[in-house]
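Below is one structure; the comments refer to it alone.
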Amino acid sequence: MTKKILISIIFILFTKQVYGQDLLKTLSDAFKNNSKLNAERASLNASEQDVNISRGEFLPSVTLSGDRATQQDTNRKNLSGEKLDDTNSTPKSRSILIEQKIFDGFGNYNNLKKAKLKLEYAKNKLNNLEQEILLTAAEAYYSLGFSFKNFEFNQSNVELFERQVESDRSRLERGEISLTDFAQSESSLAGAQAKLITARNELISGKKNFQKIIGSNSPEEIDLSFFPRLKIPTSLDTATVIAEQINPRLNLARIDLEIAKKDLFAARGDLSPSASISYSLKKNEELSTTVDEREQEEVKATVTWPIFKGGKNLSSVKKAKYKVDEKELILKDVFSQVQIDTANAWTTYNSSRGVLSATEAQLKAAEIANEGITLEYDTGNERTTLEVIQSRTLLLDARTSYAKAQKNFAIAQFNLLASIGDLYLDNIN
């Protein structure tokens, strides 16, 4: 007896492990194959290069240049009008120019800070999209699982009604039931067949939707009773605190505000003076008929201060200020929306858990009732055909409701984590 129990436990654990691997494979495939996600990853790589570009503004620039020409002078005359000999020359020049910005109104500094903020923005945007994709993948997985179950339940229901119609036909011939009872059985069979057709079409659509979202073939079986162990917050207050700290949508709004502030600093910097220094060395060969070679060195300091540009700079500062005000208002709105979404997700999670328990009890009661009513009907008891039909309809509804509750409870867990911004593959066990 103990050996049988141990074998059963091992089988159950192995089965759960298999379905757990199926779910993780589904989420991983969506994570790797989604085109939007891959495009966002490429955008993140571009943002990393923007930081390097901004850093480069602090370094000096070095430019090398050189040229060579063929030059012929003909029909030359001096001041007395006497003709001079024609000349041929190949003037060449080589130069190096080194430039370094000394001060530009903190423009480079603000641009570097802005580039780093944009890199953080790209990371949070990718993070937000990753969590959306994982949630969508989980919805596709469990929705397909419900479609499998719904098709299975309706197929079983059709088979039951087919057997009942055959049984009632025999009973009608023996005079045990009326023609009305037999018509009820046939009508129920037709209705069950119609529901089966609908369930089959929904299963086909579910498989296609799964392939579109995940990017791989759908599994042939999904266990709706498998719920992964997720790091669910213990209370709404805890969920709200976590959301306020790590929610990527909220972080995007915060970073957007900081970027707007850097734009304001940069606009103010355009009103400031700028200074730069440069060094150049130029060497010429065969410069003219009188000068064969020449080297020229130059060290130059440049200071510029934009005094008036038609009001463009002042308008840019005002525009940047309004942008800061706009981003502050957007941040407040996103903050409130994240709190609302978290509360709604928490409520949905708790209600789905309650519905799951209620439908499980409903299913157990419906199975017991259907078994008893069917047995009494088959043994010639006073149970009517209508009672049997109602019993099977209630059983089908109970099975469907419980499967739907399993699907909703699983998705509600993923949705809660996505709402607070904590839906990662590492959090799914």
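Going by the structure tokens order, chains are called A, B, ..., each with residues numbered from 1, while ligands are numbered from 1 in the order shown.
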
Please tabulate, as JSON lines, the residues of region 124-227 of chain A that come within 7 Å of region 33-41 of chain A, each with its closest pair of atoms and the distance in Å to one decimal, counting only C-alpha atoms and ordering rows by chain, then residue number upward.
{"residue": "A:Leu126", "atom": "CA", "partner": "A:Glu40", "partner_atom": "CA", "distance": 5.9}
{"residue": "A:Leu129", "atom": "CA", "partner": "A:Leu37", "partner_atom": "CA", "distance": 6.8}
{"residue": "A:Glu130", "atom": "CA", "partner": "A:Leu37", "partner_atom": "CA", "distance": 6.8}
{"residue": "A:Gly215", "atom": "CA", "partner": "A:Asn33", "partner_atom": "CA", "distance": 5.9}

Please identify all polymer residues within 10 Å of Thr302 (chain A), counting only C-alpha atoms, omitting same-chain residues fewer than 2 positions from it, and present them as a short mmCIF file (atom, residue, chain, number, x, y, z; two decimals) with N, CA and C atoms, in the first residue's frame.
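Final file, result.cif:
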data_model
loop_
_atom_site.label_atom_id
_atom_site.label_comp_id
_atom_site.auth_asym_id
_atom_site.auth_seq_id
_atom_site.Cartn_x
_atom_site.Cartn_y
_atom_site.Cartn_z
N LYS A 101 37.08 71.64 -26.87
CA LYS A 101 36.11 72.55 -26.25
C LYS A 101 36.46 72.73 -24.79
N ILE A 102 36.51 73.96 -24.35
CA ILE A 102 36.82 74.26 -22.95
C ILE A 102 35.54 74.44 -22.14
N SER A 274 30.71 80.29 -24.82
CA SER A 274 31.45 79.05 -25.03
C SER A 274 32.87 79.39 -25.41
N ALA A 275 33.77 78.48 -25.07
CA ALA A 275 35.19 78.71 -25.35
C ALA A 275 35.81 77.43 -25.86
N SER A 276 36.75 77.59 -26.77
CA SER A 276 37.47 76.43 -27.31
C SER A 276 38.89 76.86 -27.66
N ILE A 277 39.75 75.88 -27.78
CA ILE A 277 41.14 76.12 -28.15
C ILE A 277 41.52 75.15 -29.25
N SER A 278 42.37 75.61 -30.16
CA SER A 278 42.77 74.75 -31.27
C SER A 278 44.24 74.96 -31.60
N LYS A 300 45.04 78.85 -31.40
CA LYS A 300 43.96 79.84 -31.41
C LYS A 300 42.97 79.53 -30.30
N THR A 304 32.91 82.64 -27.82
CA THR A 304 31.69 83.16 -28.45
C THR A 304 30.60 83.30 -27.40
#

### Query
Neighbours of Asp237 (chain A) within 12 Å (only C-alpha atoms; same-chain residues fewer than 5 positions away dropped), as a VMD selection string?
chain A and resid 242 to 244 339 342 to 343 346 420

### Task
Show which residues sit within 12 Å of Ile98 (chain A), as a list in words. Count only C-alpha atoms, and ignore same-chain residues fewer than 5 positions away.
Leu59, Pro60, Ser61, Val62, Thr63, Leu64, Ser65, Ser276, Ile277, Ser278, Tyr279, Ser280, Leu281, Lys282, Glu297, Glu298, Val299, Lys300 and Ala301 of chain A

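Take the candidates A:Lys114, A:Lys261, A:Arg55, A:Arg392 and check each one against Glu326 (chain A) using only C-alpha atoms; the shortest distance goes to A:Lys261.
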
#### Entry: Every residue of region 247-288 of chain A that DSSP places in alpha helix (DSSP H), as a VMD selection string
chain A and resid 248 to 269

### Query
In Å to one decimal, how far is CA of Gln211 (chain A) from CA of Tyr142 (chain A)?
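That distance, rounded to one decimal, is 13.5 Å.
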
### Task
Taking the DSSP assignment computed from this structure's backbone, write out as a PyMOL selection string all residues of region 137-312 of chain A that belong to strand (DSSP E or B).
chain A and resi 230+274-285+293-304

### Message
Here is a test: counting only C-alpha atoms, which residue of A:Phe335, A:Tyr349, A:Phe414, A:Tyr402 is nearest to Lys364 (chain A)?
### Response
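The answer is A:Tyr402, which sits nearest to Lys364 (chain A).
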
### Message
So the first atom is CA of Glu220 (chain A) and the second is CA of Asp22 (chain A); what is the distance between them in Å, to one decimal place?
### Response
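CA of Asp22 (chain A) lies at a distance of 10.7 Å from CA of Glu220 (chain A).
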